[in-house]
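Enquirer: Take a look at the following structure, please.
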Amino acid sequence: MKTKSNIERLLEKGEFVVTSECGPPRGSDAEAVRKKGNLLKGVVDGVNVTDNQTSVVRMSSLSSCIILKEMGFDPIWQLVCRDRNRIAIQSDILGAAALGINNLLCLSGDHQSFGDNPKAKNVYDIDSIQLIYTAKTLRDEGKFLGGDEVKGAPMLFIGAAENPFADPFEIRALRLGKKVKAGAEFIQTQCIYNVEKFSKWMEEVRERGLHEKCAILAGVTPLKSAGMAKYMKKNVPGMDVPDSLIERLSAVPKENQAEEGIKICVEMIQQLKEIEGVRGVHIMAIEWEEKVAEIVKAAGLSPRPSA
Amino acid sequence: MIVAERKLFDDLYAKASKHKKVLLLGCGTCVTVCMAGGEKEVDILDSQLKLASRERGDDFEVTTHTIVRQCDDEFFDEETSRKIAAADAVITLACGVGVQFCSEKYPEKRVYAGVNTVFYGATVEQGLWEERCAGCGECIVDQFAGICPVARCAKSLMNGPCGGSSNGKCEVDKETDCAWALIVKRMKELGTLEELSEITLPKDWSTSRDGGPRRIVHESLRLDEGTKKEG
């Protein structure tokens, strides 16, 4: 074990890991972060903190991580390449480690055209794989990208995201291999609705032996309604929502669709858990954090091993 | 070529109408090919300005002239200089390079940009131009089957597509091809897909705009001081 990360420790012990996510507020109220934190306390093993997701300005990811850390969480700090060059990225990584952050999730970031500042300039000095490489170089080589020695290497457990459903499909497993080669130790996937297609992707992952080199946490997002399912299918790029799921939700009266959505999510977790190489689940209940405890319990993943 | 787009008419009219005599100066190279600022576009703008000034009752005179290239000293000949001297202001329909070069040559003259310079691109089909190069100063297209991820990926990703690639299109604009979908398709056809498993390390952007304004010196082509003076 390299770091003080709770999820690294649990994965090494062979536990099936459960993580969730907390989106920082659109303001400076720390209490808003704590409120979300309270809904996840004792429910999951790690909480991702998003970094200006969908390019909408929010409280900084690192600051929100610190607030959660003070509550006893082991936050997973998300860092995107959209807003920072390699100078800021390396500096923030050192700062995060100094503040006791143990997990880093490396992402390219959503394009700014989707957010509230579409006129912004993007950075993309480095991409997400180069970010993984940067974090690993700082930690394991003790070197900056410029080659100088780091005095006090940042000991972060390094992760990345992968979307098994995005096109072109034939590059997806290869690209995951690249992330692993660059230094990714855990992977959280985009939310899965099409288990069959995910299984096919996992087959390729196993063929390449990648499931032994990194821990794959399968992503799920509970659907609140048939409308949400349709919206995601139509409007979220790289999202694969099978019609059978939409039909199942539509067949239920509107007032019961949320309940059905939770049921589907629980079933999905149980199916994913059985796939060889899936080492945990990442529950992204977008603005629905209060349901995470219920989902974890219903999926038979409660209580969580103590930190 | 450098691809540009003419500025909105009202914007140009507002500039022209501030002066008594305005010269519209076209450029015969890139902006002619992309139909933004050649002789034809100069004539169209000339007619539009004359028509509108008559309608609006503004009193200013418009003349026109087009030269081969506005980014080269030799084409600013005597006739051009005379026409520029006779005008109170120049609206040049050349790219940003031409506008600046013209301003440098005639520092006493008010020079306005008539087009927005948009990208280095190609004519993909009649009436359609697309960006192909970002002028980063260190060409890497041969690593990617001849398709540049710096210029053609919305995030300039160098290690594969982001999660937003869908049916070969970019998430930012459904009309735009995902550069990485093109790269993967072409490398698959060439049988070189596995080459993509090599990690492309962080790029050196110092050769790009990030290193400050760039210049290229060809010592063998430079005139020595003596020749310069004589010339």
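Chain lettering (A, B, ...) mirrors the order of the structure tokens, residue numbering begins at 1 for each chain separately, and ligand numbering begins at 1 in order of display.
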Using only C-alpha atoms, which chain A residues lie at most 7 Å away from chain B, written as a PDB file with N, CA, C and O atoms, in the first residue's frame?
Expert:
ATOM      1  N   SER A 113     -18.331  24.901 -23.289  1.00  0.00           N
ATOM      2  CA  SER A 113     -19.531  25.334 -24.013  1.00  0.00           C
ATOM      3  C   SER A 113     -20.818  24.823 -23.364  1.00  0.00           C
ATOM      4  O   SER A 113     -21.895  25.321 -23.653  1.00  0.00           O
ATOM      5  N   TYR A 124      -6.383  22.911 -21.393  1.00  0.00           N
ATOM      6  CA  TYR A 124      -5.917  21.662 -21.998  1.00  0.00           C
ATOM      7  C   TYR A 124      -4.441  21.695 -22.395  1.00  0.00           C
ATOM      8  O   TYR A 124      -4.056  21.291 -23.494  1.00  0.00           O
ATOM      9  N   ILE A 126      -2.395  19.915 -20.763  1.00  0.00           N
ATOM     10  CA  ILE A 126      -2.197  18.466 -20.743  1.00  0.00           C
ATOM     11  C   ILE A 126      -3.578  17.802 -20.752  1.00  0.00           C
ATOM     12  O   ILE A 126      -4.574  18.445 -20.422  1.00  0.00           O
ATOM     13  N   ASP A 127      -3.638  16.546 -21.161  1.00  0.00           N
ATOM     14  CA  ASP A 127      -4.917  15.837 -21.150  1.00  0.00           C
ATOM     15  C   ASP A 127      -4.986  14.894 -19.943  1.00  0.00           C
ATOM     16  O   ASP A 127      -4.049  14.845 -19.127  1.00  0.00           O
ATOM     17  N   ILE A 129      -4.760  11.702 -19.491  1.00  0.00           N
ATOM     18  CA  ILE A 129      -3.735  10.655 -19.362  1.00  0.00           C
ATOM     19  C   ILE A 129      -2.393  11.283 -18.975  1.00  0.00           C
ATOM     20  O   ILE A 129      -1.655  10.742 -18.148  1.00  0.00           O
ATOM     21  N   GLN A 130      -2.128  12.430 -19.522  1.00  0.00           N
ATOM     22  CA  GLN A 130      -0.910  13.149 -19.126  1.00  0.00           C
ATOM     23  C   GLN A 130      -1.003  13.633 -17.672  1.00  0.00           C
ATOM     24  O   GLN A 130       0.011  13.745 -16.973  1.00  0.00           O
ATOM     25  N   ASN A 163     -15.461   5.874 -19.951  1.00  0.00           N
ATOM     26  CA  ASN A 163     -16.823   5.681 -20.433  1.00  0.00           C
ATOM     27  C   ASN A 163     -16.844   4.509 -21.400  1.00  0.00           C
ATOM     28  O   ASN A 163     -16.435   4.634 -22.540  1.00  0.00           O
ATOM     29  N   ALA A 166     -18.873   5.232 -24.813  1.00  0.00           N
ATOM     30  CA  ALA A 166     -18.597   6.278 -25.791  1.00  0.00           C
ATOM     31  C   ALA A 166     -18.014   5.648 -27.044  1.00  0.00           C
ATOM     32  O   ALA A 166     -17.510   4.531 -27.031  1.00  0.00           O
ATOM     33  N   ASP A 167     -18.100   6.380 -28.125  1.00  0.00           N
ATOM     34  CA  ASP A 167     -17.517   5.926 -29.377  1.00  0.00           C
ATOM     35  C   ASP A 167     -16.102   6.481 -29.489  1.00  0.00           C
ATOM     36  O   ASP A 167     -15.775   7.454 -28.826  1.00  0.00           O
ATOM     37  N   PRO A 168     -15.260   5.966 -30.334  1.00  0.00           N
ATOM     38  CA  PRO A 168     -15.415   4.670 -30.974  1.00  0.00           C
ATOM     39  C   PRO A 168     -15.111   3.543 -29.989  1.00  0.00           C
ATOM     40  O   PRO A 168     -14.125   3.594 -29.262  1.00  0.00           O
ATOM     41  N   LEU A 174      -8.383  -0.191 -25.171  1.00  0.00           N
ATOM     42  CA  LEU A 174      -7.002   0.213 -25.431  1.00  0.00           C
ATOM     43  C   LEU A 174      -6.665   1.484 -24.649  1.00  0.00           C
ATOM     44  O   LEU A 174      -5.601   1.622 -24.055  1.00  0.00           O
ATOM     45  N   ARG A 175      -7.622   2.408 -24.647  1.00  0.00           N
ATOM     46  CA  ARG A 175      -7.395   3.671 -23.962  1.00  0.00           C
ATOM     47  C   ARG A 175      -7.336   3.471 -22.445  1.00  0.00           C
ATOM     48  O   ARG A 175      -6.565   4.126 -21.752  1.00  0.00           O
ATOM     49  N   LYS A 178      -3.993   2.419 -21.603  1.00  0.00           N
ATOM     50  CA  LYS A 178      -3.086   3.560 -21.605  1.00  0.00           C
ATOM     51  C   LYS A 178      -3.143   4.295 -20.256  1.00  0.00           C
ATOM     52  O   LYS A 178      -2.132   4.736 -19.725  1.00  0.00           O
ATOM     53  N   PRO A 237     -24.167  13.053 -24.194  1.00  0.00           N
ATOM     54  CA  PRO A 237     -23.304  12.327 -25.130  1.00  0.00           C
ATOM     55  C   PRO A 237     -22.637  11.135 -24.452  1.00  0.00           C
ATOM     56  O   PRO A 237     -22.216  11.221 -23.294  1.00  0.00           O
ATOM     57  N   GLY A 238     -22.579  10.035 -25.167  1.00  0.00           N
ATOM     58  CA  GLY A 238     -21.904   8.860 -24.636  1.00  0.00           C
ATOM     59  C   GLY A 238     -22.703   8.133 -23.561  1.00  0.00           C
ATOM     60  O   GLY A 238     -22.154   7.384 -22.765  1.00  0.00           O
TER      61      GLY A 238
END
Enquirer: Which polymer residues have any atom within 10 Å of an atom of Arg206 (chain A), counting only C-alpha atoms, with same-chain residues fewer than 4 positions away left out, as a PDB file with all heavy atoms, in the first residue's frame?
Expert:
ATOM      1  N   ALA A 173     -11.055   0.005 -24.636  1.00  0.00           N
ATOM      2  CA  ALA A 173     -10.241  -0.841 -23.760  1.00  0.00           C
ATOM      3  C   ALA A 173      -8.768  -0.488 -23.924  1.00  0.00           C
ATOM      4  O   ALA A 173      -8.013  -0.421 -22.945  1.00  0.00           O
ATOM      5  CB  ALA A 173     -10.496  -2.310 -24.069  1.00  0.00           C
ATOM      6  N   LYS A 200     -19.422  -6.715 -22.205  1.00  0.00           N
ATOM      7  CA  LYS A 200     -18.595  -6.907 -23.390  1.00  0.00           C
ATOM      8  C   LYS A 200     -17.283  -6.114 -23.238  1.00  0.00           C
ATOM      9  O   LYS A 200     -16.197  -6.594 -23.559  1.00  0.00           O
ATOM     10  CB  LYS A 200     -19.375  -6.422 -24.628  1.00  0.00           C
ATOM     11  CG  LYS A 200     -19.007  -7.166 -25.889  1.00  0.00           C
ATOM     12  CD  LYS A 200     -19.901  -6.731 -27.042  1.00  0.00           C
ATOM     13  CE  LYS A 200     -19.039  -6.385 -28.240  1.00  0.00           C
ATOM     14  NZ  LYS A 200     -19.721  -5.537 -29.217  1.00  0.00           N
ATOM     15  N   TRP A 201     -17.429  -4.907 -22.737  1.00  0.00           N
ATOM     16  CA  TRP A 201     -16.250  -4.057 -22.488  1.00  0.00           C
ATOM     17  C   TRP A 201     -15.344  -4.704 -21.442  1.00  0.00           C
ATOM     18  O   TRP A 201     -14.132  -4.761 -21.597  1.00  0.00           O
ATOM     19  CB  TRP A 201     -16.726  -2.666 -22.039  1.00  0.00           C
ATOM     20  CG  TRP A 201     -15.629  -1.708 -21.718  1.00  0.00           C
ATOM     21  CD1 TRP A 201     -14.856  -1.025 -22.610  1.00  0.00           C
ATOM     22  CD2 TRP A 201     -15.198  -1.295 -20.410  1.00  0.00           C
ATOM     23  NE1 TRP A 201     -13.973  -0.210 -21.938  1.00  0.00           N
ATOM     24  CE2 TRP A 201     -14.154  -0.362 -20.590  1.00  0.00           C
ATOM     25  CE3 TRP A 201     -15.578  -1.622 -19.107  1.00  0.00           C
ATOM     26  CZ2 TRP A 201     -13.492   0.249 -19.520  1.00  0.00           C
ATOM     27  CZ3 TRP A 201     -14.933  -1.020 -18.047  1.00  0.00           C
ATOM     28  CH2 TRP A 201     -13.896  -0.097 -18.253  1.00  0.00           C
ATOM     29  N   MET A 202     -15.979  -5.251 -20.390  1.00  0.00           N
ATOM     30  CA  MET A 202     -15.201  -5.905 -19.329  1.00  0.00           C
ATOM     31  C   MET A 202     -14.441  -7.123 -19.868  1.00  0.00           C
ATOM     32  O   MET A 202     -13.338  -7.417 -19.419  1.00  0.00           O
ATOM     33  CB  MET A 202     -16.118  -6.325 -18.160  1.00  0.00           C
ATOM     34  CG  MET A 202     -16.441  -5.230 -17.161  1.00  0.00           C
ATOM     35  SD  MET A 202     -15.013  -4.425 -16.384  1.00  0.00           S
ATOM     36  CE  MET A 202     -14.286  -5.759 -15.455  1.00  0.00           C
ATOM     37  N   LEU A 210      -6.262  -5.972 -17.713  1.00  0.00           N
ATOM     38  CA  LEU A 210      -6.287  -4.669 -17.031  1.00  0.00           C
ATOM     39  C   LEU A 210      -6.991  -4.730 -15.678  1.00  0.00           C
ATOM     40  O   LEU A 210      -6.692  -3.940 -14.785  1.00  0.00           O
ATOM     41  CB  LEU A 210      -6.954  -3.618 -17.927  1.00  0.00           C
ATOM     42  CG  LEU A 210      -6.238  -3.357 -19.251  1.00  0.00           C
ATOM     43  CD1 LEU A 210      -7.079  -2.453 -20.150  1.00  0.00           C
ATOM     44  CD2 LEU A 210      -4.875  -2.726 -18.997  1.00  0.00           C
ATOM     45  N   HIS A 211      -7.914  -5.689 -15.518  1.00  0.00           N
ATOM     46  CA  HIS A 211      -8.657  -5.798 -14.256  1.00  0.00           C
ATOM     47  C   HIS A 211      -7.731  -6.202 -13.108  1.00  0.00           C
ATOM     48  O   HIS A 211      -8.059  -6.018 -11.948  1.00  0.00           O
ATOM     49  CB  HIS A 211      -9.804  -6.806 -14.405  1.00  0.00           C
ATOM     50  CG  HIS A 211      -9.350  -8.206 -14.679  1.00  0.00           C
ATOM     51  ND1 HIS A 211      -8.528  -8.527 -15.726  1.00  0.00           N
ATOM     52  CD2 HIS A 211      -9.599  -9.377 -14.024  1.00  0.00           C
ATOM     53  CE1 HIS A 211      -8.287  -9.828 -15.714  1.00  0.00           C
ATOM     54  NE2 HIS A 211      -8.927 -10.367 -14.691  1.00  0.00           N
ATOM     55  N   GLU A 212      -6.569  -6.752 -13.452  1.00  0.00           N
ATOM     56  CA  GLU A 212      -5.616  -7.118 -12.396  1.00  0.00           C
ATOM     57  C   GLU A 212      -4.674  -5.973 -12.064  1.00  0.00           C
ATOM     58  O   GLU A 212      -4.026  -5.972 -11.025  1.00  0.00           O
ATOM     59  CB  GLU A 212      -4.810  -8.356 -12.843  1.00  0.00           C
ATOM     60  CG  GLU A 212      -5.624  -9.626 -12.661  1.00  0.00           C
ATOM     61  CD  GLU A 212      -5.141 -10.773 -13.528  1.00  0.00           C
ATOM     62  OE1 GLU A 212      -4.197 -10.574 -14.335  1.00  0.00           O
ATOM     63  OE2 GLU A 212      -5.724 -11.874 -13.417  1.00  0.00           O
ATOM     64  N   GLU A 276     -16.790 -10.532 -13.381  1.00  0.00           N
ATOM     65  CA  GLU A 276     -15.392 -10.708 -12.980  1.00  0.00           C
ATOM     66  C   GLU A 276     -14.578  -9.444 -13.267  1.00  0.00           C
ATOM     67  O   GLU A 276     -14.603  -8.918 -14.386  1.00  0.00           O
ATOM     68  CB  GLU A 276     -14.782 -11.893 -13.735  1.00  0.00           C
ATOM     69  CG  GLU A 276     -13.403 -12.271 -13.209  1.00  0.00           C
ATOM     70  CD  GLU A 276     -12.671 -13.245 -14.119  1.00  0.00           C
ATOM     71  OE1 GLU A 276     -13.311 -13.891 -14.963  1.00  0.00           O
ATOM     72  OE2 GLU A 276     -11.441 -13.337 -13.962  1.00  0.00           O
ATOM     73  N   GLY A 277     -13.893  -8.970 -12.248  1.00  0.00           N
ATOM     74  CA  GLY A 277     -13.048  -7.796 -12.434  1.00  0.00           C
ATOM     75  C   GLY A 277     -13.672  -6.512 -11.908  1.00  0.00           C
ATOM     76  O   GLY A 277     -12.992  -5.514 -11.781  1.00  0.00           O
TER      77      GLY A 277
END
Enquirer: Find the distance between CA of Arg9 (chain A) and CA of Val281 (chain A) and write it in Å to one decimal.
Expert: 15.8 Å
Enquirer: At a cut-off of 8 Å, using only C-alpha atoms, what residues contact region 33-35 of chain A? Leave out same-chain residues fewer than 5 positions from it and give the result as a PyMOL selection string.
Expert: chain A and resi 22+24-25+64+67-68+71
Enquirer: Name the closest residue to Ala298 (chain A) among the candidates A:Ala98, A:Ile264, A:Val236, A:Ile89; distances are taken between atoms, counting only C-alpha atoms.
Expert: A:Ile264
Enquirer: Provide the CA of Asp74 (chain A) to CA of Asn48 (chain A) distance in Å, to one decimal place.
Expert: 9.1 Å
Enquirer: Pull the strand (DSSP E) assignments for region 35-163 of chain B out of DSSP run on the backbone, and list those residues as a count of residues only.
Expert: 32
